[in-house]
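Coordinates from upload_3.cif are shown below (mmCIF, C-alpha atoms; chains and numbers go by the auth columns).
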data_coords
#
loop_
_atom_site.group_PDB
_atom_site.id
_atom_site.type_symbol
_atom_site.label_atom_id
_atom_site.label_comp_id
_atom_site.label_asym_id
_atom_site.label_seq_id
_atom_site.Cartn_x
_atom_site.Cartn_y
_atom_site.Cartn_z
_atom_site.B_iso_or_equiv
_atom_site.auth_seq_id
_atom_site.auth_asym_id
ATOM 1 C CA MET A 1 115.434 112.947 73.500 0.00 1 Y
ATOM 2 C CA LYS A 2 112.086 114.637 73.951 0.00 2 Y
ATOM 3 C CA LYS A 3 110.973 116.267 77.196 0.00 3 Y
ATOM 4 C CA PHE A 4 109.389 114.027 79.866 0.00 4 Y
ATOM 5 C CA SER A 5 105.626 113.889 79.864 0.00 5 Y
ATOM 6 C CA PHE A 6 103.550 111.708 82.173 0.00 6 Y
ATOM 7 C CA SER A 7 101.001 109.814 80.114 0.00 7 Y
ATOM 8 C CA LEU A 8 98.343 110.075 82.846 0.00 8 Y
ATOM 9 C CA GLU A 9 98.976 113.736 83.724 0.00 9 Y
ATOM 10 C CA LYS A 10 95.434 114.771 82.810 0.00 10 Y
ATOM 11 C CA VAL A 11 93.989 111.995 84.961 0.00 11 Y
ATOM 12 C CA LEU A 12 96.202 113.039 87.865 0.00 12 Y
ATOM 13 C CA ASN A 13 95.140 116.677 87.513 0.00 13 Y
ATOM 14 C CA TYR A 14 91.487 115.634 87.322 0.00 14 Y
ATOM 15 C CA LYS A 15 91.822 113.522 90.471 0.00 15 Y
ATOM 16 C CA CYS A 16 93.482 116.439 92.286 0.00 16 Y
ATOM 17 C CA GLN A 17 90.606 118.707 91.264 0.00 17 Y
ATOM 18 C CA LEU A 18 88.117 116.104 92.485 0.00 18 Y
ATOM 19 C CA LEU A 19 89.990 115.919 95.775 0.00 19 Y
ATOM 20 C CA ASP A 20 89.673 119.681 96.184 0.00 20 Y
ATOM 21 C CA VAL A 21 85.934 119.453 95.486 0.00 21 Y
ATOM 22 C CA LEU A 22 85.561 116.646 98.031 0.00 22 Y
ATOM 23 C CA LYS A 23 87.442 118.654 100.638 0.00 23 Y
ATOM 24 C CA ASN A 24 85.202 121.647 100.017 0.00 24 Y
ATOM 25 C CA GLU A 25 82.110 119.450 100.334 0.00 25 Y
ATOM 26 C CA LEU A 26 83.469 118.057 103.607 0.00 26 Y
ATOM 27 C CA SER A 27 84.034 121.570 104.870 0.00 27 Y
ATOM 28 C CA VAL A 28 80.431 122.507 104.068 0.00 28 Y
ATOM 29 C CA LEU A 29 79.141 119.368 105.803 0.00 29 Y
ATOM 30 C CA GLN A 30 81.212 120.115 108.899 0.00 30 Y
ATOM 31 C CA HIS A 31 79.969 123.698 108.946 0.00 31 Y
ATOM 32 C CA GLU A 32 76.367 122.474 108.759 0.00 32 Y
ATOM 33 C CA LEU A 33 77.073 120.045 111.609 0.00 33 Y
ATOM 34 C CA THR A 34 78.407 122.896 113.733 0.00 34 Y
ATOM 35 C CA LYS A 35 75.258 124.890 113.028 0.00 35 Y
ATOM 36 C CA MET A 36 73.122 121.906 114.057 0.00 36 Y
ATOM 37 C CA GLU A 37 75.078 121.472 117.274 0.00 37 Y
ATOM 38 C CA ASN A 38 74.553 125.156 118.060 0.00 38 Y
ATOM 39 C CA GLN A 39 70.825 124.804 117.406 0.00 39 Y
ATOM 40 C CA ILE A 40 70.674 121.797 119.715 0.00 40 Y
ATOM 41 C CA GLN A 41 72.486 123.695 122.474 0.00 41 Y
ATOM 42 C CA GLN A 42 70.157 126.636 121.996 0.00 42 Y
ATOM 43 C CA GLN A 43 67.048 124.434 122.191 0.00 43 Y
ATOM 44 C CA GLU A 44 68.384 122.619 125.255 0.00 44 Y
ATOM 45 C CA PHE A 45 69.068 125.968 126.926 0.00 45 Y
ATOM 46 C CA ILE A 46 65.532 127.172 126.168 0.00 46 Y
ATOM 47 C CA TYR A 47 64.154 123.862 127.453 0.00 47 Y
ATOM 48 C CA GLN A 48 66.128 124.154 130.687 0.00 48 Y
ATOM 49 C CA GLN A 49 65.047 127.776 131.211 0.00 49 Y
ATOM 50 C CA SER A 50 61.404 126.946 130.553 0.00 50 Y
ATOM 51 C CA ASN A 51 61.550 123.945 132.865 0.00 51 Y
ATOM 52 C CA ASN A 52 63.077 126.058 135.652 0.00 52 Y
ATOM 53 C CA GLU A 53 60.421 128.701 135.044 0.00 53 Y
ATOM 54 C CA LEU A 54 57.714 126.029 135.346 0.00 54 Y
ATOM 55 C CA VAL A 55 59.153 124.753 138.623 0.00 55 Y
ATOM 56 C CA ASP A 56 59.320 128.292 140.035 0.00 56 Y
ATOM 57 C CA LYS A 57 55.734 129.048 139.024 0.00 57 Y
ATOM 58 C CA MET A 58 54.523 125.727 140.404 0.00 58 Y
ATOM 59 C CA ASN A 59 56.144 126.565 143.766 0.00 59 Y
ATOM 60 C CA GLU A 60 54.301 129.889 143.782 0.00 60 Y
ATOM 61 C CA GLY A 61 51.036 128.212 142.843 0.00 61 Y
ATOM 62 C CA MET A 62 49.724 127.702 139.351 0.00 62 Y
ATOM 63 C CA VAL A 63 46.465 126.884 137.625 0.00 63 Y
ATOM 64 C CA PRO A 64 46.395 123.316 136.220 0.00 64 Y
ATOM 65 C CA GLY A 65 45.638 124.629 132.718 0.00 65 Y
ATOM 66 C CA GLU A 66 48.872 126.654 132.740 0.00 66 Y
ATOM 67 C CA ILE A 67 50.813 123.624 133.934 0.00 67 Y
ATOM 68 C CA SER A 68 49.508 121.537 131.054 0.00 68 Y
ATOM 69 C CA SER A 69 50.332 124.352 128.596 0.00 69 Y
ATOM 70 C CA TYR A 70 53.905 124.450 129.904 0.00 70 Y
ATOM 71 C CA LYS A 71 54.191 120.660 129.708 0.00 71 Y
ATOM 72 C CA ILE A 72 52.954 120.657 126.103 0.00 72 Y
ATOM 73 C CA TYR A 73 55.460 123.402 125.261 0.00 73 Y
ATOM 74 C CA LEU A 74 58.278 121.467 126.958 0.00 74 Y
ATOM 75 C CA SER A 75 57.211 118.305 125.155 0.00 75 Y
ATOM 76 C CA ASN A 76 57.357 120.130 121.801 0.00 76 Y
ATOM 77 C CA LEU A 77 60.807 121.511 122.625 0.00 77 Y
ATOM 78 C CA ASN A 78 61.948 118.017 123.554 0.00 78 Y
ATOM 79 C CA GLU A 79 60.670 116.650 120.213 0.00 79 Y
ATOM 80 C CA GLN A 80 62.470 119.406 118.328 0.00 80 Y
ATOM 81 C CA ILE A 81 65.682 118.499 120.148 0.00 81 Y
ATOM 82 C CA LYS A 82 65.223 114.817 119.220 0.00 82 Y
ATOM 83 C CA VAL A 83 64.659 115.716 115.553 0.00 83 Y
ATOM 84 C CA LEU A 84 67.780 117.883 115.575 0.00 84 Y
ATOM 85 C CA MET A 85 69.762 115.049 117.176 0.00 85 Y
ATOM 86 C CA GLN A 86 68.619 112.665 114.429 0.00 86 Y
ATOM 87 C CA LYS A 87 69.633 115.203 111.765 0.00 87 Y
ATOM 88 C CA LYS A 88 72.972 115.560 113.514 0.00 88 Y
ATOM 89 C CA GLU A 89 73.527 111.792 113.371 0.00 89 Y
ATOM 90 C CA LEU A 90 72.703 111.755 109.650 0.00 90 Y
ATOM 91 C CA GLN A 91 75.083 114.653 109.102 0.00 91 Y
ATOM 92 C CA GLN A 92 77.828 112.807 110.954 0.00 92 Y
ATOM 93 C CA MET A 93 77.262 109.779 108.721 0.00 93 Y
ATOM 94 C CA LYS A 94 77.539 111.997 105.629 0.00 94 Y
ATOM 95 C CA ILE A 95 80.799 113.386 106.994 0.00 95 Y
ATOM 96 C CA VAL A 96 82.210 109.905 107.559 0.00 96 Y
ATOM 97 C CA LYS A 97 81.267 108.886 103.995 0.00 97 Y
ATOM 98 C CA LYS A 98 82.899 112.026 102.610 0.00 98 Y
ATOM 99 C CA GLN A 99 86.046 111.348 104.641 0.00 99 Y
ATOM 100 C CA VAL A 100 86.187 107.820 103.197 0.00 100 Y
ATOM 101 C CA GLU A 101 85.862 109.289 99.681 0.00 101 Y
ATOM 102 C CA ILE A 102 88.720 111.683 100.436 0.00 102 Y
ATOM 103 C CA VAL A 103 90.922 108.874 101.740 0.00 103 Y
ATOM 104 C CA ASN A 104 90.201 106.779 98.637 0.00 104 Y
ATOM 105 C CA MET A 105 90.954 109.741 96.367 0.00 105 Y
ATOM 106 C CA ASN A 106 94.235 110.344 98.224 0.00 106 Y
ATOM 107 C CA ILE A 107 95.136 106.688 97.680 0.00 107 Y
ATOM 108 C CA GLU A 108 94.390 106.981 93.948 0.00 108 Y
ATOM 109 C CA ILE A 109 96.431 110.165 93.676 0.00 109 Y
ATOM 110 C CA GLY A 110 99.271 108.568 95.613 0.00 110 Y
ATOM 111 C CA SER A 111 99.369 105.588 93.275 0.00 111 Y
ATOM 112 C CA LEU A 112 99.368 107.904 90.247 0.00 112 Y
ATOM 113 C CA ASP A 113 102.201 109.927 91.809 0.00 113 Y
ATOM 114 C CA LYS A 114 104.226 106.740 92.326 0.00 114 Y
ATOM 115 C CA LEU A 115 103.581 105.721 88.732 0.00 115 Y
ATOM 116 C CA LYS A 116 104.698 109.179 87.584 0.00 116 Y
ATOM 117 C CA GLU A 117 107.899 108.857 89.638 0.00 117 Y
ATOM 118 C CA GLN A 118 108.583 105.427 88.134 0.00 118 Y
ATOM 119 C CA GLN A 119 108.044 106.722 84.599 0.00 119 Y
ATOM 120 C CA PHE A 120 110.268 109.715 85.288 0.00 120 Y
ATOM 121 C CA GLU A 121 112.997 107.452 86.665 0.00 121 Y
ATOM 122 C CA SER A 122 112.809 105.295 83.514 0.00 122 Y
ATOM 123 C CA TYR A 123 112.968 108.451 81.394 0.00 123 Y
ATOM 124 C CA ARG A 124 115.976 109.716 83.365 0.00 124 Y
ATOM 125 C CA GLN A 125 117.805 106.396 82.943 0.00 125 Y
ATOM 126 C CA ALA A 126 117.092 106.335 79.198 0.00 126 Y
ATOM 127 C CA LEU A 127 118.308 109.927 78.909 0.00 127 Y
ATOM 128 C CA GLN A 128 121.486 109.062 80.810 0.00 128 Y
ATOM 129 C CA LYS A 129 122.164 106.083 78.505 0.00 129 Y
ATOM 130 C CA GLN A 130 121.587 108.259 75.451 0.00 130 Y
ATOM 131 C CA GLU A 131 124.035 110.862 76.778 0.00 131 Y
ATOM 132 C CA GLU A 132 126.628 108.165 77.494 0.00 132 Y
ATOM 133 C CA LEU A 133 126.259 106.841 73.933 0.00 133 Y
ATOM 134 C CA PHE A 134 126.624 110.348 72.550 0.00 134 Y
ATOM 135 C CA ILE A 135 129.770 110.961 74.641 0.00 135 Y
ATOM 136 C CA ASN A 136 131.262 107.604 73.577 0.00 136 Y
ATOM 137 C CA GLU A 137 130.479 108.351 69.938 0.00 137 Y
ATOM 138 C CA PHE A 138 131.940 111.853 70.244 0.00 138 Y
ATOM 139 C CA ILE A 139 135.135 110.520 71.821 0.00 139 Y
ATOM 140 C CA GLY A 140 135.338 107.775 69.162 0.00 140 Y
ATOM 141 C CA ASN A 141 134.984 110.341 66.370 0.00 141 Y
ATOM 142 C CA SER A 142 137.556 112.641 67.970 0.00 142 Y
ATOM 143 C CA LEU A 143 140.081 109.835 68.300 0.00 143 Y
ATOM 144 C CA SER A 144 139.544 108.629 64.747 0.00 144 Y
ATOM 145 C CA SER A 145 139.975 112.132 63.325 0.00 145 Y
ATOM 146 C CA GLN A 146 143.316 112.554 65.198 0.00 146 Y
ATOM 147 C CA VAL A 147 144.838 109.409 63.743 0.00 147 Y
#
Could you write out this structure as structure tokens?
Amino acid sequence: MKKFSFSLEKVLNYKCQLLDVLKNELSVLQHELTKMENQIQQQEFIYQQSNNELVDKMNEGMVPGEISSYKIYLSNLNEQIKVLMQKKELQQMKIVKKQVEIVNMNIEIGSLDKLKEQQFESYRQALQKQEELFINEFIGNSLSSQV
């Protein structure tokens, strides 16, 4: 009997390669999310420092024009933080979508693996039957030649 070969082996290999690509894409997305979170923390830190600086200067006495300049600067920082937060939310949605793709690919690969196991089990049973027939035929020929 010929050697076992899974009829969908190429499809299974292709799906495994796709899974690797999806995992790499997820890794890149997560890395980008981490960078965004760091940027947000950095901007929030700068905002907090600038706000504290404004409060200190106001306690010492400050010209109204400087106060408005600080408030405009703080407002711009706050807008940048909001934009980064929106980008972060979009990134998180991309990550969730990618995770769903990975789960679906794992399900497809799992079903192909089960199919491969079933085909191999059928092959093994057919091989065992063929060997039994060969042994029975061999024994039958040996007995007939002795008589």
Got a sec to resolve the PyMOL selection byres ((chain Y and resi 71-88) around 8) on this structure and send the residues as a PDB file with C-alpha atoms, in the coordinates of the input?
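As a result, expr-v8.pdb now contains:
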ATOM      1  CA  LEU Y  33      77.073 120.045 111.609  1.00  0.00           C
ATOM      2  CA  MET Y  36      73.122 121.906 114.057  1.00  0.00           C
ATOM      3  CA  GLU Y  37      75.078 121.472 117.274  1.00  0.00           C
ATOM      4  CA  GLN Y  39      70.825 124.804 117.406  1.00  0.00           C
ATOM      5  CA  ILE Y  40      70.674 121.797 119.715  1.00  0.00           C
ATOM      6  CA  GLN Y  43      67.048 124.434 122.191  1.00  0.00           C
ATOM      7  CA  GLU Y  44      68.384 122.619 125.255  1.00  0.00           C
ATOM      8  CA  TYR Y  47      64.154 123.862 127.453  1.00  0.00           C
ATOM      9  CA  SER Y  50      61.404 126.946 130.553  1.00  0.00           C
ATOM     10  CA  ASN Y  51      61.550 123.945 132.865  1.00  0.00           C
ATOM     11  CA  ILE Y  67      50.813 123.624 133.934  1.00  0.00           C
ATOM     12  CA  SER Y  68      49.508 121.537 131.054  1.00  0.00           C
ATOM     13  CA  SER Y  69      50.332 124.352 128.596  1.00  0.00           C
ATOM     14  CA  TYR Y  70      53.905 124.450 129.904  1.00  0.00           C
ATOM     15  CA  GLU Y  89      73.527 111.792 113.371  1.00  0.00           C
ATOM     16  CA  LEU Y  90      72.703 111.755 109.650  1.00  0.00           C
ATOM     17  CA  GLN Y  91      75.083 114.653 109.102  1.00  0.00           C
ATOM     18  CA  GLN Y  92      77.828 112.807 110.954  1.00  0.00           C
TER      19      GLN Y  92
END
Around all listed atoms of range 101-111 of chain Y, padded 5 Å per side, what centre and edge lengths does the axis-aligned box have in Å to one decimal, as JSON?
{"center_x": 92.6, "center_y": 108.6, "center_z": 97.5, "size_x": 23.5, "size_y": 16.1, "size_z": 18.5}
Spell out the residues picked by the PyMOL selection byres ((chain Y and resi 8-12) around 8) here, as a list of chain:residue names.
Y:Ser5, Y:Phe6, Y:Ser7, Y:Asn13, Y:Tyr14, Y:Lys15, Y:Cys16, Y:Ile109, Y:Leu112, Y:Asp113, Y:Lys116
Take the residues that were just selected and, keeping C-alpha atoms, output them as an mmCIF file, in the frame of the given file.
data_model
loop_
_atom_site.group_PDB
_atom_site.id
_atom_site.type_symbol
_atom_site.label_atom_id
_atom_site.label_comp_id
_atom_site.auth_asym_id
_atom_site.auth_seq_id
_atom_site.Cartn_x
_atom_site.Cartn_y
_atom_site.Cartn_z
ATOM 1 C CA SER Y 5 105.626 113.889 79.864
ATOM 2 C CA PHE Y 6 103.550 111.708 82.173
ATOM 3 C CA SER Y 7 101.001 109.814 80.114
ATOM 4 C CA ASN Y 13 95.140 116.677 87.513
ATOM 5 C CA TYR Y 14 91.487 115.634 87.322
ATOM 6 C CA LYS Y 15 91.822 113.522 90.471
ATOM 7 C CA CYS Y 16 93.482 116.439 92.286
ATOM 8 C CA ILE Y 109 96.431 110.165 93.676
ATOM 9 C CA LEU Y 112 99.368 107.904 90.247
ATOM 10 C CA ASP Y 113 102.201 109.927 91.809
ATOM 11 C CA LYS Y 116 104.698 109.179 87.584
#
If you count only C-alpha atoms, which residues fall within 9 Å of range 17-26 of chain Y, apart from same-chain ones fewer than 3 positions away, as a PyMOL selection string?
chain Y and resi 12-14+29-31+94-95+98-99+101-102+105-106+109
For Gln119 in chain Y, which residue among Y:Phe4, Y:Asn38, Y:Gln49, Y:Glu60 is the nearest when counting all atoms listed in the file?
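Result for the nearest residue to Gln119 in chain Y: Y:Phe4.
Atom to atom, CA of Asn52 in chain Y and CA of Pro64 in chain Y stand 16.9 Å apart.
Here CA of Lys129 in chain Y and CA of Glu117 in chain Y stand 18.3 Å from one another.
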Between CA of Lys2 in chain Y and CA of Arg124 in chain Y, what is the distance, to one decimal in Å?
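CA of Arg124 in chain Y lies at a distance of 11.3 Å from CA of Lys2 in chain Y.
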Starting from the incomplete input, reconstruct N, CA and C atoms of range 41-58 of chain Y and write that as a short mmCIF file (atom, residue, chain, number, x, y, z; two decimals), keeping the file's coordinate frame.
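Writing the result to rebuild_36.cif gives the following:
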data_model
loop_
_atom_site.label_atom_id
_atom_site.label_comp_id
_atom_site.auth_asym_id
_atom_site.auth_seq_id
_atom_site.Cartn_x
_atom_site.Cartn_y
_atom_site.Cartn_z
N GLN Y 41 72.14 123.04 121.21
CA GLN Y 41 72.49 123.70 122.47
C GLN Y 41 71.49 124.80 122.81
N GLN Y 42 71.11 125.55 121.80
CA GLN Y 42 70.16 126.64 122.00
C GLN Y 42 68.81 126.08 122.46
N GLN Y 43 68.33 125.04 121.81
CA GLN Y 43 67.05 124.43 122.19
C GLN Y 43 67.12 123.83 123.59
N GLU Y 44 68.23 123.20 123.91
CA GLU Y 44 68.38 122.62 125.26
C GLU Y 44 68.40 123.71 126.31
N PHE Y 45 69.04 124.84 125.99
CA PHE Y 45 69.07 125.97 126.93
C PHE Y 45 67.66 126.51 127.15
N ILE Y 46 66.91 126.69 126.07
CA ILE Y 46 65.53 127.17 126.17
C ILE Y 46 64.69 126.19 126.97
N TYR Y 47 64.89 124.89 126.72
CA TYR Y 47 64.15 123.86 127.45
C TYR Y 47 64.46 123.97 128.95
N GLN Y 48 65.73 124.08 129.27
CA GLN Y 48 66.13 124.15 130.69
C GLN Y 48 65.55 125.40 131.35
N GLN Y 49 65.61 126.53 130.66
CA GLN Y 49 65.05 127.78 131.21
C GLN Y 49 63.55 127.63 131.44
N SER Y 50 62.86 127.10 130.45
CA SER Y 50 61.40 126.95 130.55
C SER Y 50 61.04 125.97 131.66
N ASN Y 51 61.80 124.92 131.81
CA ASN Y 51 61.55 123.94 132.86
C ASN Y 51 61.76 124.59 134.24
N ASN Y 52 62.82 125.37 134.37
CA ASN Y 52 63.08 126.06 135.65
C ASN Y 52 61.96 127.06 135.94
N GLU Y 53 61.51 127.74 134.91
CA GLU Y 53 60.42 128.70 135.04
C GLU Y 53 59.15 127.99 135.52
N LEU Y 54 58.88 126.81 134.94
CA LEU Y 54 57.71 126.03 135.35
C LEU Y 54 57.81 125.63 136.81
N VAL Y 55 58.96 125.16 137.22
CA VAL Y 55 59.15 124.75 138.62
C VAL Y 55 58.93 125.94 139.55
N ASP Y 56 59.50 127.10 139.20
CA ASP Y 56 59.32 128.29 140.04
C ASP Y 56 57.85 128.68 140.15
N LYS Y 57 57.15 128.67 139.03
CA LYS Y 57 55.73 129.05 139.02
C LYS Y 57 54.88 128.03 139.78
N MET Y 58 55.27 126.75 139.68
CA MET Y 58 54.52 125.73 140.40
C MET Y 58 54.70 125.91 141.91
#
